[in-house]
$ cat model.pdb   # PDB, N, CA and C atoms, pLDDT in the B column
MODEL        1
ATOM      1  N   MET A 204      76.927  64.830  99.199  1.00 71.00           N
ATOM      2  CA  MET A 204      77.527  65.982  98.561  1.00 71.00           C
ATOM      3  C   MET A 204      78.300  66.794  99.597  1.00 71.00           C
ATOM      4  N   LYS A 205      79.508  67.159  99.250  1.00 80.00           N
ATOM      5  CA  LYS A 205      80.346  67.935 100.150  1.00 80.00           C
ATOM      6  C   LYS A 205      79.979  69.406 100.068  1.00 80.00           C
ATOM      7  N   LEU A 206      79.959  70.059 101.195  1.00 88.00           N
ATOM      8  CA  LEU A 206      79.672  71.494 101.218  1.00 88.00           C
ATOM      9  C   LEU A 206      80.932  72.328 101.036  1.00 88.00           C
ATOM     10  N   ILE A 207      82.019  71.875 101.631  1.00 89.00           N
ATOM     11  CA  ILE A 207      83.283  72.621 101.549  1.00 89.00           C
ATOM     12  C   ILE A 207      84.263  71.845 100.686  1.00 89.00           C
ATOM     13  N   LYS A 208      84.845  72.515  99.694  1.00 90.00           N
ATOM     14  CA  LYS A 208      85.818  71.906  98.793  1.00 90.00           C
ATOM     15  C   LYS A 208      87.096  72.734  98.777  1.00 90.00           C
ATOM     16  N   ILE A 209      88.186  72.077  98.400  1.00 90.00           N
ATOM     17  CA  ILE A 209      89.462  72.736  98.177  1.00 90.00           C
ATOM     18  C   ILE A 209      89.653  72.816  96.661  1.00 90.00           C
ATOM     19  N   LYS A 210      89.887  74.019  96.157  1.00 89.00           N
ATOM     20  CA  LYS A 210      89.957  74.251  94.715  1.00 89.00           C
ATOM     21  C   LYS A 210      91.316  74.842  94.364  1.00 89.00           C
ATOM     22  N   ARG A 211      91.915  74.355  93.280  1.00 91.00           N
ATOM     23  CA  ARG A 211      93.200  74.847  92.807  1.00 91.00           C
ATOM     24  C   ARG A 211      92.988  75.534  91.460  1.00 91.00           C
ATOM     25  N   GLU A 212      93.509  76.750  91.341  1.00 90.00           N
ATOM     26  CA  GLU A 212      93.316  77.534  90.125  1.00 90.00           C
ATOM     27  C   GLU A 212      94.647  78.178  89.734  1.00 90.00           C
ATOM     28  N   THR A 213      95.001  78.109  88.453  1.00 91.00           N
ATOM     29  CA  THR A 213      96.241  78.691  87.957  1.00 91.00           C
ATOM     30  C   THR A 213      95.906  79.834  87.009  1.00 91.00           C
ATOM     31  N   ARG A 214      96.546  80.975  87.249  1.00 90.00           N
ATOM     32  CA  ARG A 214      96.354  82.163  86.409  1.00 90.00           C
ATOM     33  C   ARG A 214      97.700  82.648  85.913  1.00 90.00           C
ATOM     34  N   LEU A 215      97.672  83.369  84.824  1.00 91.00           N
ATOM     35  CA  LEU A 215      98.864  84.012  84.302  1.00 91.00           C
ATOM     36  C   LEU A 215      98.854  85.462  84.781  1.00 91.00           C
ATOM     37  N   GLU A 216      99.869  85.855  85.557  1.00 85.00           N
ATOM     38  CA  GLU A 216      99.943  87.205  86.109  1.00 85.00           C
ATOM     39  C   GLU A 216     101.230  87.879  85.676  1.00 85.00           C
ATOM     40  N   GLN A 217     101.203  89.195  85.658  1.00 85.00           N
ATOM     41  CA  GLN A 217     102.395  89.972  85.338  1.00 85.00           C
ATOM     42  C   GLN A 217     103.016  90.490  86.625  1.00 85.00           C
ATOM     43  N   ARG A 218     104.311  90.269  86.770  1.00 78.00           N
ATOM     44  CA  ARG A 218     105.093  90.799  87.884  1.00 78.00           C
ATOM     45  C   ARG A 218     106.138  91.738  87.288  1.00 78.00           C
ATOM     46  N   HIS A 219     106.589  92.682  88.080  1.00 76.00           N
ATOM     47  CA  HIS A 219     107.555  93.659  87.576  1.00 76.00           C
ATOM     48  C   HIS A 219     108.734  93.773  88.531  1.00 76.00           C
ATOM     49  N   THR A 220     109.937  93.697  87.985  1.00 73.00           N
ATOM     50  CA  THR A 220     111.154  93.929  88.755  1.00 73.00           C
ATOM     51  C   THR A 220     111.978  94.989  88.054  1.00 73.00           C
ATOM     52  N   VAL A 221     112.863  95.610  88.793  1.00 78.00           N
ATOM     53  CA  VAL A 221     113.715  96.648  88.224  1.00 78.00           C
ATOM     54  C   VAL A 221     114.744  96.027  87.284  1.00 78.00           C
ATOM     55  N   LYS A 222     115.311  94.877  87.684  1.00 78.00           N
ATOM     56  CA  LYS A 222     116.365  94.259  86.889  1.00 78.00           C
ATOM     57  C   LYS A 222     115.837  93.551  85.645  1.00 78.00           C
ATOM     58  N   MET A 223     114.722  92.813  85.778  1.00 76.00           N
ATOM     59  CA  MET A 223     114.233  92.003  84.659  1.00 76.00           C
ATOM     60  C   MET A 223     113.095  92.656  83.882  1.00 76.00           C
ATOM     61  N   GLY A 224     112.467  93.676  84.434  1.00 82.00           N
ATOM     62  CA  GLY A 224     111.331  94.298  83.758  1.00 82.00           C
ATOM     63  C   GLY A 224     110.056  93.524  84.044  1.00 82.00           C
ATOM     64  N   THR A 225     109.163  93.449  83.058  1.00 83.00           N
ATOM     65  CA  THR A 225     107.901  92.748  83.231  1.00 83.00           C
ATOM     66  C   THR A 225     108.105  91.252  83.023  1.00 83.00           C
ATOM     67  N   LEU A 226     107.545  90.467  83.937  1.00 79.00           N
ATOM     68  CA  LEU A 226     107.705  89.019  83.914  1.00 79.00           C
ATOM     69  C   LEU A 226     106.326  88.387  83.993  1.00 79.00           C
ATOM     70  N   ASN A 227     105.989  87.514  83.044  1.00 82.00           N
ATOM     71  CA  ASN A 227     104.727  86.788  83.071  1.00 82.00           C
ATOM     72  C   ASN A 227     104.952  85.454  83.762  1.00 82.00           C
ATOM     73  N   THR A 228     104.236  85.202  84.860  1.00 83.00           N
ATOM     74  CA  THR A 228     104.398  83.965  85.610  1.00 83.00           C
ATOM     75  C   THR A 228     103.049  83.297  85.826  1.00 83.00           C
ATOM     76  N   LYS A 229     103.080  81.995  86.030  1.00 86.00           N
ATOM     77  CA  LYS A 229     101.888  81.247  86.377  1.00 86.00           C
ATOM     78  C   LYS A 229     101.783  81.218  87.898  1.00 86.00           C
ATOM     79  N   VAL A 230     100.697  81.770  88.420  1.00 88.00           N
ATOM     80  CA  VAL A 230     100.469  81.803  89.862  1.00 88.00           C
ATOM     81  C   VAL A 230      99.326  80.852  90.169  1.00 88.00           C
ATOM     82  N   THR A 231      99.556  79.939  91.112  1.00 90.00           N
ATOM     83  CA  THR A 231      98.557  78.946  91.486  1.00 90.00           C
ATOM     84  C   THR A 231      97.984  79.322  92.846  1.00 90.00           C
ATOM     85  N   TYR A 232      96.654  79.380  92.921  1.00 90.00           N
ATOM     86  CA  TYR A 232      95.938  79.687  94.151  1.00 90.00           C
ATOM     87  C   TYR A 232      95.246  78.424  94.637  1.00 90.00           C
ATOM     88  N   ILE A 233      95.355  78.123  95.926  1.00 90.00           N
ATOM     89  CA  ILE A 233      94.611  77.034  96.547  1.00 90.00           C
ATOM     90  C   ILE A 233      93.596  77.692  97.462  1.00 90.00           C
ATOM     91  N   LYS A 234      92.297  77.507  97.157  1.00 91.00           N
ATOM     92  CA  LYS A 234      91.230  78.201  97.869  1.00 91.00           C
ATOM     93  C   LYS A 234      90.251  77.212  98.488  1.00 91.00           C
ATOM     94  N   LYS A 235      89.648  77.627  99.587  1.00 92.00           N
ATOM     95  CA  LYS A 235      88.577  76.864 100.221  1.00 92.00           C
ATOM     96  C   LYS A 235      87.264  77.487  99.784  1.00 92.00           C
ATOM     97  N   THR A 236      86.336  76.665  99.226  1.00 91.00           N
ATOM     98  CA  THR A 236      85.080  77.176  98.704  1.00 91.00           C
ATOM     99  C   THR A 236      83.896  76.453  99.336  1.00 91.00           C
ATOM    100  N   VAL A 237      82.751  77.123  99.332  1.00 90.00           N
ATOM    101  CA  VAL A 237      81.496  76.544  99.793  1.00 90.00           C
ATOM    102  C   VAL A 237      80.607  76.346  98.580  1.00 90.00           C
ATOM    103  N   LEU A 238      80.142  75.122  98.384  1.00 86.00           N
ATOM    104  CA  LEU A 238      79.279  74.756  97.257  1.00 86.00           C
ATOM    105  C   LEU A 238      79.885  75.116  95.905  1.00 86.00           C
ATOM    106  N   ASN A 239      81.213  75.194  95.851  1.00 81.00           N
ATOM    107  CA  ASN A 239      81.964  75.500  94.637  1.00 81.00           C
ATOM    108  C   ASN A 239      81.580  76.849  94.020  1.00 81.00           C
ATOM    109  N   LEU A 240      80.983  77.745  94.807  1.00 84.00           N
ATOM    110  CA  LEU A 240      80.565  79.056  94.316  1.00 84.00           C
ATOM    111  C   LEU A 240      81.196  80.202  95.089  1.00 84.00           C
ATOM    112  N   ILE A 241      81.231  80.095  96.406  1.00 86.00           N
ATOM    113  CA  ILE A 241      81.672  81.200  97.259  1.00 86.00           C
ATOM    114  C   ILE A 241      83.064  80.879  97.813  1.00 86.00           C
ATOM    115  N   ASN A 242      84.021  81.759  97.561  1.00 86.00           N
ATOM    116  CA  ASN A 242      85.367  81.589  98.082  1.00 86.00           C
ATOM    117  C   ASN A 242      85.405  82.033  99.535  1.00 86.00           C
ATOM    118  N   LEU A 243      85.841  81.139 100.410  1.00 88.00           N
ATOM    119  CA  LEU A 243      85.972  81.481 101.821  1.00 88.00           C
ATOM    120  C   LEU A 243      87.335  82.082 102.133  1.00 88.00           C
ATOM    121  N   LYS A 244      88.384  81.400 101.675  1.00 88.00           N
ATOM    122  CA  LYS A 244      89.713  81.779 102.104  1.00 88.00           C
ATOM    123  C   LYS A 244      90.745  81.266 101.104  1.00 88.00           C
ATOM    124  N   THR A 245      91.799  82.043 100.881  1.00 85.00           N
ATOM    125  CA  THR A 245      92.927  81.573 100.088  1.00 85.00           C
ATOM    126  C   THR A 245      93.903  80.917 101.045  1.00 85.00           C
ATOM    127  N   LEU A 246      94.110  79.620 100.877  1.00 88.00           N
ATOM    128  CA  LEU A 246      94.972  78.879 101.779  1.00 88.00           C
ATOM    129  C   LEU A 246      96.451  79.062 101.444  1.00 88.00           C
ATOM    130  N   HIS A 247      96.779  79.040 100.152  1.00 85.00           N
ATOM    131  CA  HIS A 247      98.177  79.120  99.746  1.00 85.00           C
ATOM    132  C   HIS A 247      98.259  79.718  98.347  1.00 85.00           C
ATOM    133  N   LYS A 248      99.347  80.431  98.081  1.00 87.00           N
ATOM    134  CA  LYS A 248      99.574  81.034  96.771  1.00 87.00           C
ATOM    135  C   LYS A 248     101.051  80.860  96.434  1.00 87.00           C
ATOM    136  N   TYR A 249     101.327  80.214  95.304  1.00 85.00           N
ATOM    137  CA  TYR A 249     102.717  80.029  94.902  1.00 85.00           C
ATOM    138  C   TYR A 249     102.851  80.234  93.402  1.00 85.00           C
ATOM    139  N   ARG A 250     104.106  80.451  92.968  1.00 83.00           N
ATOM    140  CA  ARG A 250     104.353  80.742  91.562  1.00 83.00           C
ATOM    141  C   ARG A 250     105.554  79.954  91.066  1.00 83.00           C
ATOM    142  N   GLU A 251     105.615  79.811  89.749  1.00 78.00           N
ATOM    143  CA  GLU A 251     106.744  79.153  89.111  1.00 78.00           C
ATOM    144  C   GLU A 251     107.661  80.224  88.550  1.00 78.00           C
ATOM    145  N   THR A 252     108.957  80.116  88.807  1.00 75.00           N
ATOM    146  CA  THR A 252     109.910  81.117  88.345  1.00 75.00           C
ATOM    147  C   THR A 252     110.305  80.850  86.902  1.00 75.00           C
ATOM    148  N   TYR A 253     111.119  81.727  86.366  1.00 73.00           N
ATOM    149  CA  TYR A 253     111.614  81.607  84.988  1.00 73.00           C
ATOM    150  C   TYR A 253     112.436  80.335  84.813  1.00 73.00           C
ATOM    151  N   TYR A 254     113.119  79.912  85.877  1.00 78.00           N
ATOM    152  CA  TYR A 254     113.999  78.749  85.820  1.00 78.00           C
ATOM    153  C   TYR A 254     113.297  77.460  86.219  1.00 78.00           C
ATOM    154  N   GLY A 255     111.994  77.498  86.514  1.00 78.00           N
ATOM    155  CA  GLY A 255     111.245  76.295  86.844  1.00 78.00           C
ATOM    156  C   GLY A 255     111.134  76.008  88.328  1.00 78.00           C
ATOM    157  N   GLU A 256     111.676  76.863  89.179  1.00 78.00           N
ATOM    158  CA  GLU A 256     111.575  76.674  90.630  1.00 78.00           C
ATOM    159  C   GLU A 256     110.188  77.092  91.104  1.00 78.00           C
ATOM    160  N   ILE A 257     109.748  76.524  92.221  1.00 80.00           N
ATOM    161  CA  ILE A 257     108.467  76.891  92.828  1.00 80.00           C
ATOM    162  C   ILE A 257     108.764  77.770  94.035  1.00 80.00           C
ATOM    163  N   LYS A 258     108.158  78.978  94.059  1.00 78.00           N
ATOM    164  CA  LYS A 258     108.369  79.920  95.164  1.00 78.00           C
ATOM    165  C   LYS A 258     107.039  80.347  95.742  1.00 78.00           C
ATOM    166  N   ASP A 259     107.030  80.584  97.038  1.00 77.00           N
ATOM    167  CA  ASP A 259     105.845  81.101  97.710  1.00 77.00           C
ATOM    168  C   ASP A 259     105.725  82.581  97.401  1.00 77.00           C
ATOM    169  N   CYS A 260     104.543  83.062  97.079  1.00 74.00           N
ATOM    170  CA  CYS A 260     104.354  84.463  96.689  1.00 74.00           C
ATOM    171  C   CYS A 260     104.505  85.415  97.871  1.00 74.00           C
ATOM    172  N   GLU A 261     104.337  84.942  99.089  1.00 67.00           N
ATOM    173  CA  GLU A 261     104.479  85.820 100.249  1.00 67.00           C
ATOM    174  C   GLU A 261     105.946  86.078 100.572  1.00 67.00           C
ATOM    175  N   ASP A 262     106.843  85.168 100.189  1.00 62.00           N
ATOM    176  CA  ASP A 262     108.264  85.346 100.477  1.00 62.00           C
ATOM    177  C   ASP A 262     108.895  86.414  99.604  1.00 62.00           C
ATOM    178  N   CYS A 263     108.463  86.517  98.364  1.00 59.00           N
ATOM    179  CA  CYS A 263     109.086  87.451  97.444  1.00 59.00           C
ATOM    180  C   CYS A 263     108.033  88.383  96.861  1.00 59.00           C
ATOM    181  N   VAL A 264     108.015  89.600  97.344  1.00 58.00           N
ATOM    182  CA  VAL A 264     107.105  90.621  96.822  1.00 58.00           C
ATOM    183  C   VAL A 264     107.908  91.436  95.826  1.00 58.00           C
ATOM    184  N   LEU A 265     107.541  91.344  94.554  1.00 54.00           N
ATOM    185  CA  LEU A 265     108.330  91.996  93.502  1.00 54.00           C
ATOM    186  C   LEU A 265     107.934  93.447  93.278  1.00 54.00           C
ATOM    187  N   ALA A 266     106.774  93.864  93.748  1.00 54.00           N
ATOM    188  CA  ALA A 266     106.280  95.197  93.455  1.00 54.00           C
ATOM    189  C   ALA A 266     106.600  96.202  94.556  1.00 54.00           C
ATOM    190  N   LYS A 267     107.749  96.108  95.199  1.00 51.00           N
ATOM    191  CA  LYS A 267     108.103  97.051  96.267  1.00 51.00           C
ATOM    192  C   LYS A 267     108.597  98.339  95.692  1.00 51.00           C
TER
ENDMDL
END

$ encode --input "model.pdb" --output "structure tokens"
Amino acid sequence: MKLIKIKRETRLEQRHTVKMGTLNTKVTYIKKTVLNLINLKTLHKYRETYYGEIKDCEDCVLAK
């Protein structure tokens, strides 16, 4: 049995921009977990845009 696992989870989040208003996007989190219960660290976070492109969430902060 593995103690440390890599887990991928997709959530629906709301982002807000001045030009487009409220935008619902799917944000995918890649996390490192211990015994599939305790989250150690978020390794990567990315989202899908309105046009189907994949963008890193750290590159574009919409809530400035």

$ atom_distance --input "model.pdb" --atom1 "CA of Arg250 (chain A)" --atom2 "atom N of Ile207 (chain A)"
26.1 Å

$ closest_residue --input "model.pdb" --among "A:Glu251, A:Tyr232, A:Cys260, A:Val237" --to "Lys210 (chain A)" --atoms "only N, CA and C atoms"
A:Tyr232

$ select_by_dssp --input "model.pdb" --residues "region 208-257 of chain A" --states "strand (DSSP E)" --output "PyMOL selection string"
chain A and resi 208-220+224-237+241-251+257

$ closest_residue --input "model.pdb" --among "A:Tyr253, A:Lys258, A:Leu243, A:Lys205" --to "Thr225 (chain A)" --atoms "only C-alpha atoms"
A:Tyr253

$ closest_residue --input "model.pdb" --among "A:His219, A:Ile209, A:Met204, A:Lys229" --to "Thr252 (chain A)" --atoms "only C-alpha atoms"
A:Lys229

$ resolve_selection --input "model.pdb" --expression "the PyMOL selection byres ((chain A and resi 247) around 8)" --output "PyMOL selection string"
chain A and resi 231-235+244-246+248-250+259-260

$ atom_distance --input "model.pdb" --atom1 "CA of Val230 (chain A)" --atom2 "CA of Thr213 (chain A)"
5.6 Å

$ atom_distance --input "model.pdb" --atom1 "CA of Glu216 (chain A)" --atom2 "CA of Leu238 (chain A)"
26.6 Å

$ closest_residue --input "model.pdb" --among "A:Thr228, A:Ile241, A:Ile257, A:Thr236" --to "Arg214 (chain A)" --atoms "all atoms listed in the file"
A:Thr228
